[in-house]
2 protein chains.
Amino acid sequence: MTIEDPVALALSGERFAARCRIRADDAAAALVRAREICLEQTVEFPDALIPNTAIREQIVGAPDAPVAVGDGAWDVTIRYPVEAAGGELTQLLNVLFGNVALQPGVRLMDIALPPALAQGLPGPRFGIRGLRRLLDVHDRPLLCTALKPMGLSAPALAQLAYELALGGIDLIKDDHGLADQPFSPFAERVPRCAAAVARANQETGRRCLYLPNVTAPAAAVGPRARAARDSGAGGLLFCPGLAGFDAMRGLAADDDLALPILSHPALVGGLALSPDTGLSPRMLYGRLNRLAGADAAIFPHLGGRFAFSAADCRDIAAGCTDAMGDTAPIFPVPAGGMKLARVRELCEFYGRDCMLLIGGDLHALEPGEDLVSRCRRFVALAAG
Amino acid sequence: MTIEDPVALALSGERFAARCRIRADDAAAALVRAREICLEQTVEFPDALIPNTAIREQIVGAPDAPVAVGDGAWDVTIRYPVEAAGGELTQLLNVLFGNVALQPGVRLMDIALPPALAQGLPGPRFGIRGLRRLLDVHDRPLLCTALKPMGLSAPALAQLAYELALGGIDLIKDDHGLADQPFSPFAERVPRCAAAVARANQETGRRCLYLPNVTAPAAAVGPRARAARDSGAGGLLFCPGLAGFDAMRGLAADDDLALPILSHPALVGGLALSPDTGLSPRMLYGRLNRLAGADAAIFPHLGGRFAFSAADCRDIAAGCTDAMGDTAPIFPVPAGGMKLARVRELCEFYGRDCMLLIGGDLHALEPGEDLVSRCRRFVALAAG
């Protein structure tokens, strides 16, 4: 076949890399599969139909040699031209894993972006260092909790926020199920909770941040984020799986907002469940959140209400914190049913640079405790 | 525990339903799991910590009795208050499956929305009937193809579009990998391809539609869609898994655009891969796309480059077309490596009300064929 093209293709030759884990009988089969992925993610054409050599050489992904990783799996690093991503996060995700996400037996493990591509995706505005500076907390894990349960009114949530801030919590987020419901409308809840936290900060001299949930219909994300800032919110909670990774990137990149972002894995976390498909936990929770501007990434720690192993959790923490070009490291936020009784264990597992998120268990008061004193116990436990 | 709330909760009592498939040893265990889901998706609090009876009775999901479906699985319909969704697609998705998506052994099978909730989510603007009227094609499956491969220039893609339209294709979409890359910038490609299709329509007297890809960074979706309309595009291609389901809903609801939307499953299709987790194919491809305003839903038909079974494909078609309140039925679009040789089989499998998407195989010319004549063969095969 020939498709005549009056314009010659002349790309830079710079490439970004996707490491894929491929289930295969042997290295040769893994390479065959990798070559199919190279086509699937770019031209979506059988090799024989590619209309010219320039496209075959410059557009189609190129695989490195497969590396055995045991258990019938092979890691293959595939290199795609930076131009294929068009400088946009949506299309970068598409090339990395758009169609392949629908195929069993292949998982996206990690990525590496050259400066030409990473410059347009600077990632987190604050990261670990910036968020510590904002809070002026340097020597222990950060402590986070959620305003809940859904169904409380804005005044009741504000009272909770006040007590949690008084007790020494660093970041108080909306539960990710608080949106703009009639029992606690966004426009009423956010100013009340922000004011309550500000009042507590005046009493404690601390810098607790309130992070309202701005996961919202596409047209409402920006307006809610600006309303949150205007109300005195100190950060934002966002669920990129519900409202889009690029919407989160846009919030992070907005110089007028300049607020830290906590990312929650609702819905999209399902892409990291099966060991043979989807995205690795490290890729989804660590890399992708960093690329999309989150300063901290919530994920289910082992032994809670969810399913990760210790190795998964270590991988997620590494994906949040280890070298990724010029992209700042971010806080891993182990969560999903954590309890005060596990704070020391969590501190030992993750070290100092994590954010501990405890929700319900802060309300499981023991005799003689109130919410404020229980929060103070959380702080004392984390300080070690 | 008590959290004082000065405002009494008084919801309507109207509920929407999520049918979940739960892996469990027996009905009792399935019900225990369902009750956990009821809490997880609303209050995210242990039952004992729910601060008052009103929240327990009005906010928490309520399960019907489990129904055995064989293979150690049980279907449980869970009913959530409409107010929990706050009238927003993002939060509706969150209640339906936000956190549960991260847990193994449970799958969202189907949903049912009462009018109070469905009114705010009217779904597809055109649907099967509207799209047939637009195209004036009533008696056979609609025929779709993609402009590719990535790497061709805008003039070359426009020439392809002209020949494909001349050959009788009904809908010509951008390949979903065409975004705004330097080798074919959106602002150059879309007017050229739209003009090429209009020129072919003048020659044929037909109404072929060109659907550019407006999957884009959050802030660019609306502007690209309007630019597409202004250039004469007849519809839009969108990948809700890359750019958000609510962004697609917003495009469908935009009276100034009023263009049909073809939904592509990049990335999010991975949530329907495992039989024990995520969303059922019917739910993801059919229900969710309809709820989010797609007029046609691309999915991988069996025997192509992807993994669905015949039963999955029938379920997807049913999810696209069977009764869903006032929401219009939409076209199922079996795809993913389909060939001319399978057109009759596809027509028999899906009946008349489907859209057949053939990409690469239209370019696999046989001796004596050119692209125009091969398209005409596609039309003839589909006309039966």
# chains A, B, ... in the order shown; residues from 1 in each chain; ligands from 1
call {"tool": "interface_residues", "arguments": {"of": "chain A", "to": "chain B", "cutoff": "6 Å", "atoms": "only C-alpha atoms", "output": "count of residues only"}}
result
32
call {"tool": "select_by_dssp", "arguments": {"residues": "region 217-320 of chain B", "states": "strand (DSSP E)", "output": "list in words"}}
result
Leu236, Leu237, Phe238, Ile261, Leu262, Ser263, Ala296, Ala297, Ile298, Phe299 and Pro300 of chain B
call {"tool": "closest_residue", "arguments": {"among": "B:Phe126, B:Phe331, B:Tyr285, B:Tyr350", "to": "Ala252 (chain B)", "atoms": "only C-alpha atoms"}}
result
B:Phe126
call {"tool": "atom_distance", "arguments": {"atom1": "CA of Cys208 (chain A)", "atom2": "CA of Val190 (chain A)"}}
result
14.9 Å
call {"tool": "residues_around", "arguments": {"residues": "Ala18 (chain B)", "least_positions_apart": "6", "cutoff": "10 Å", "atoms": "only C-alpha atoms", "output": "list in words"}}
result
Gly61, Pro63, Asp75, Val76, Thr77, Ile78, Arg79, Tyr80, Val95, Leu96, Phe97, Leu108, Met109, Asp110, Ile111, Ala112 and Leu113 of chain B
call {"tool": "write_last_selection", "arguments": {"atoms": "N, CA and C atoms", "output": "mmCIF file, in the first residue's frame"}}
result
data_model
loop_
_atom_site.group_PDB
_atom_site.id
_atom_site.type_symbol
_atom_site.label_atom_id
_atom_site.label_comp_id
_atom_site.auth_asym_id
_atom_site.auth_seq_id
_atom_site.Cartn_x
_atom_site.Cartn_y
_atom_site.Cartn_z
ATOM 1 N N GLY B 61 -25.905 3.205 51.937
ATOM 2 C CA GLY B 61 -26.564 2.348 50.960
ATOM 3 C C GLY B 61 -27.325 1.231 51.649
ATOM 4 N N PRO B 63 -28.774 -2.730 50.930
ATOM 5 C CA PRO B 63 -28.707 -3.857 49.996
ATOM 6 C C PRO B 63 -30.016 -4.634 49.921
ATOM 7 N N ASP B 75 -25.309 -11.653 43.079
ATOM 8 C CA ASP B 75 -25.639 -10.282 42.689
ATOM 9 C C ASP B 75 -26.423 -9.620 43.811
ATOM 10 N N VAL B 76 -25.966 -8.467 44.214
ATOM 11 C CA VAL B 76 -26.665 -7.704 45.244
ATOM 12 C C VAL B 76 -26.938 -6.310 44.689
ATOM 13 N N THR B 77 -28.182 -5.915 44.700
ATOM 14 C CA THR B 77 -28.530 -4.559 44.288
ATOM 15 C C THR B 77 -28.485 -3.665 45.521
ATOM 16 N N ILE B 78 -27.696 -2.619 45.418
ATOM 17 C CA ILE B 78 -27.525 -1.679 46.530
ATOM 18 C C ILE B 78 -28.207 -0.373 46.142
ATOM 19 N N ARG B 79 -28.980 0.169 47.073
ATOM 20 C CA ARG B 79 -29.729 1.397 46.781
ATOM 21 C C ARG B 79 -29.156 2.564 47.595
ATOM 22 N N TYR B 80 -28.763 3.594 46.860
ATOM 23 C CA TYR B 80 -28.158 4.785 47.469
ATOM 24 C C TYR B 80 -29.090 5.982 47.310
ATOM 25 N N VAL B 95 -19.962 7.356 44.019
ATOM 26 C CA VAL B 95 -20.825 6.552 44.894
ATOM 27 C C VAL B 95 -21.006 5.153 44.306
ATOM 28 N N LEU B 96 -21.188 5.075 43.014
ATOM 29 C CA LEU B 96 -21.391 3.771 42.378
ATOM 30 C C LEU B 96 -20.188 2.868 42.580
ATOM 31 N N PHE B 97 -18.979 3.437 42.458
ATOM 32 C CA PHE B 97 -17.854 2.523 42.377
ATOM 33 C C PHE B 97 -16.497 3.138 42.679
ATOM 34 N N LEU B 108 -19.101 -3.963 39.442
ATOM 35 C CA LEU B 108 -20.342 -3.221 39.179
ATOM 36 C C LEU B 108 -20.938 -3.709 37.863
ATOM 37 N N MET B 109 -22.131 -4.275 37.933
ATOM 38 C CA MET B 109 -22.737 -4.921 36.761
ATOM 39 C C MET B 109 -23.669 -3.989 35.995
ATOM 40 N N ASP B 110 -24.474 -3.230 36.736
ATOM 41 C CA ASP B 110 -25.474 -2.405 36.058
ATOM 42 C C ASP B 110 -25.995 -1.369 37.059
ATOM 43 N N ILE B 111 -26.711 -0.398 36.546
ATOM 44 C CA ILE B 111 -27.271 0.657 37.390
ATOM 45 C C ILE B 111 -28.692 0.963 36.939
ATOM 46 N N ALA B 112 -29.436 1.590 37.833
ATOM 47 C CA ALA B 112 -30.766 2.097 37.469
ATOM 48 C C ALA B 112 -30.961 3.410 38.210
ATOM 49 N N LEU B 113 -31.301 4.457 37.455
ATOM 50 C CA LEU B 113 -31.450 5.788 38.043
ATOM 51 C C LEU B 113 -32.918 6.195 38.042
#
call {"tool": "residues_around", "arguments": {"residues": "Ala68 (chain B)", "least_positions_apart": "4", "cutoff": "12 Å", "atoms": "only C-alpha atoms", "output": "list in words"}}
result
Cys20, Arg21, Ile22, Arg23, Ala24, Asp25, Asp26, Ala27, Ala28, Ala29, Ala30, Leu31, Gly72, Ala73, Trp74, Asp75 and Val76 of chain B
call {"tool": "atom_distance", "arguments": {"atom1": "CA of Ala220 (chain B)", "atom2": "CA of Phe186 (chain B)"}}
result
11.2 Å
call {"tool": "residues_around", "arguments": {"residues": "Cys375 (chain B)", "least_positions_apart": "6", "cutoff": "7 Å", "atoms": "only C-alpha atoms", "output": "PyMOL selection string"}}
result
chain B and resi 164+167-169+362
call {"tool": "write_last_selection", "arguments": {"atoms": "C-alpha atoms", "output": "short mmCIF file (atom, residue, chain, number, x, y, z; two decimals), in the first residue's frame"}}
result
data_model
loop_
_atom_site.label_atom_id
_atom_site.label_comp_id
_atom_site.auth_asym_id
_atom_site.auth_seq_id
_atom_site.Cartn_x
_atom_site.Cartn_y
_atom_site.Cartn_z
CA LEU B 164 -12.98 7.22 2.21
CA GLY B 167 -16.21 5.30 -1.18
CA GLY B 168 -19.34 5.60 0.91
CA ILE B 169 -18.13 5.47 4.54
CA LEU B 362 -9.62 -0.95 4.41
#
call {"tool": "residues_around", "arguments": {"residues": "Cys313 (chain A)", "least_positions_apart": "5", "cutoff": "8 Å", "atoms": "only C-alpha atoms", "output": "list in words"}}
result
Pro281, His301, Leu302 and Phe308 of chain A
call {"tool": "select_by_dssp", "arguments": {"residues": "region 31-100 of chain B", "states": "helix (DSSP H, G or I)", "output": "PDB file with C-alpha atoms, in the first residue's frame"}}
result
ATOM      1  CA  LEU B  31     -24.687  -9.798  52.309  1.00  0.00           C
ATOM      2  CA  VAL B  32     -21.949  -8.985  54.828  1.00  0.00           C
ATOM      3  CA  ARG B  33     -19.756  -7.843  51.957  1.00  0.00           C
ATOM      4  CA  ALA B  34     -22.612  -5.849  50.438  1.00  0.00           C
ATOM      5  CA  ARG B  35     -23.133  -4.064  53.767  1.00  0.00           C
ATOM      6  CA  GLU B  36     -19.452  -3.154  53.821  1.00  0.00           C
ATOM      7  CA  ILE B  37     -19.840  -1.719  50.319  1.00  0.00           C
ATOM      8  CA  CYS B  38     -22.878   0.282  51.476  1.00  0.00           C
ATOM      9  CA  LEU B  39     -20.677   1.966  54.095  1.00  0.00           C
ATOM     10  CA  GLU B  40     -17.560   2.255  51.924  1.00  0.00           C
ATOM     11  CA  ASP B  47     -21.181   1.283  61.276  1.00  0.00           C
ATOM     12  CA  ALA B  48     -20.534   1.733  65.001  1.00  0.00           C
ATOM     13  CA  LEU B  49     -19.096   5.223  64.410  1.00  0.00           C
ATOM     14  CA  THR B  53     -29.670   7.422  63.093  1.00  0.00           C
ATOM     15  CA  ALA B  54     -30.620   9.831  60.320  1.00  0.00           C
ATOM     16  CA  ILE B  55     -27.297   9.269  58.553  1.00  0.00           C
ATOM     17  CA  ARG B  56     -27.486   5.510  59.066  1.00  0.00           C
ATOM     18  CA  GLU B  57     -31.006   5.373  57.671  1.00  0.00           C
ATOM     19  CA  GLN B  58     -30.863   8.044  54.955  1.00  0.00           C
ATOM     20  CA  VAL B  82     -30.064  10.288  45.035  1.00  0.00           C
ATOM     21  CA  GLU B  83     -28.788  13.201  47.126  1.00  0.00           C
ATOM     22  CA  ALA B  84     -25.464  11.390  47.691  1.00  0.00           C
ATOM     23  CA  ALA B  85     -24.672  11.938  43.999  1.00  0.00           C
ATOM     24  CA  LEU B  89     -21.766  12.609  37.125  1.00  0.00           C
ATOM     25  CA  THR B  90     -18.380  12.658  38.842  1.00  0.00           C
ATOM     26  CA  GLN B  91     -19.910  12.089  42.262  1.00  0.00           C
ATOM     27  CA  LEU B  92     -22.453   9.596  40.935  1.00  0.00           C
ATOM     28  CA  LEU B  93     -19.543   7.513  39.622  1.00  0.00           C
ATOM     29  CA  ASN B  94     -17.844   7.911  42.956  1.00  0.00           C
ATOM     30  CA  VAL B  95     -20.825   6.552  44.894  1.00  0.00           C
ATOM     31  CA  LEU B  96     -21.391   3.771  42.378  1.00  0.00           C
ATOM     32  CA  PHE B  97     -17.854   2.523  42.377  1.00  0.00           C
ATOM     33  CA  VAL B 100     -14.928  -0.332  45.592  1.00  0.00           C
TER      34      VAL B 100
END
call {"tool": "atom_distance", "arguments": {"atom1": "CA of Leu211 (chain B)", "atom2": "CA of Asp230 (chain B)"}}
result
12.7 Å
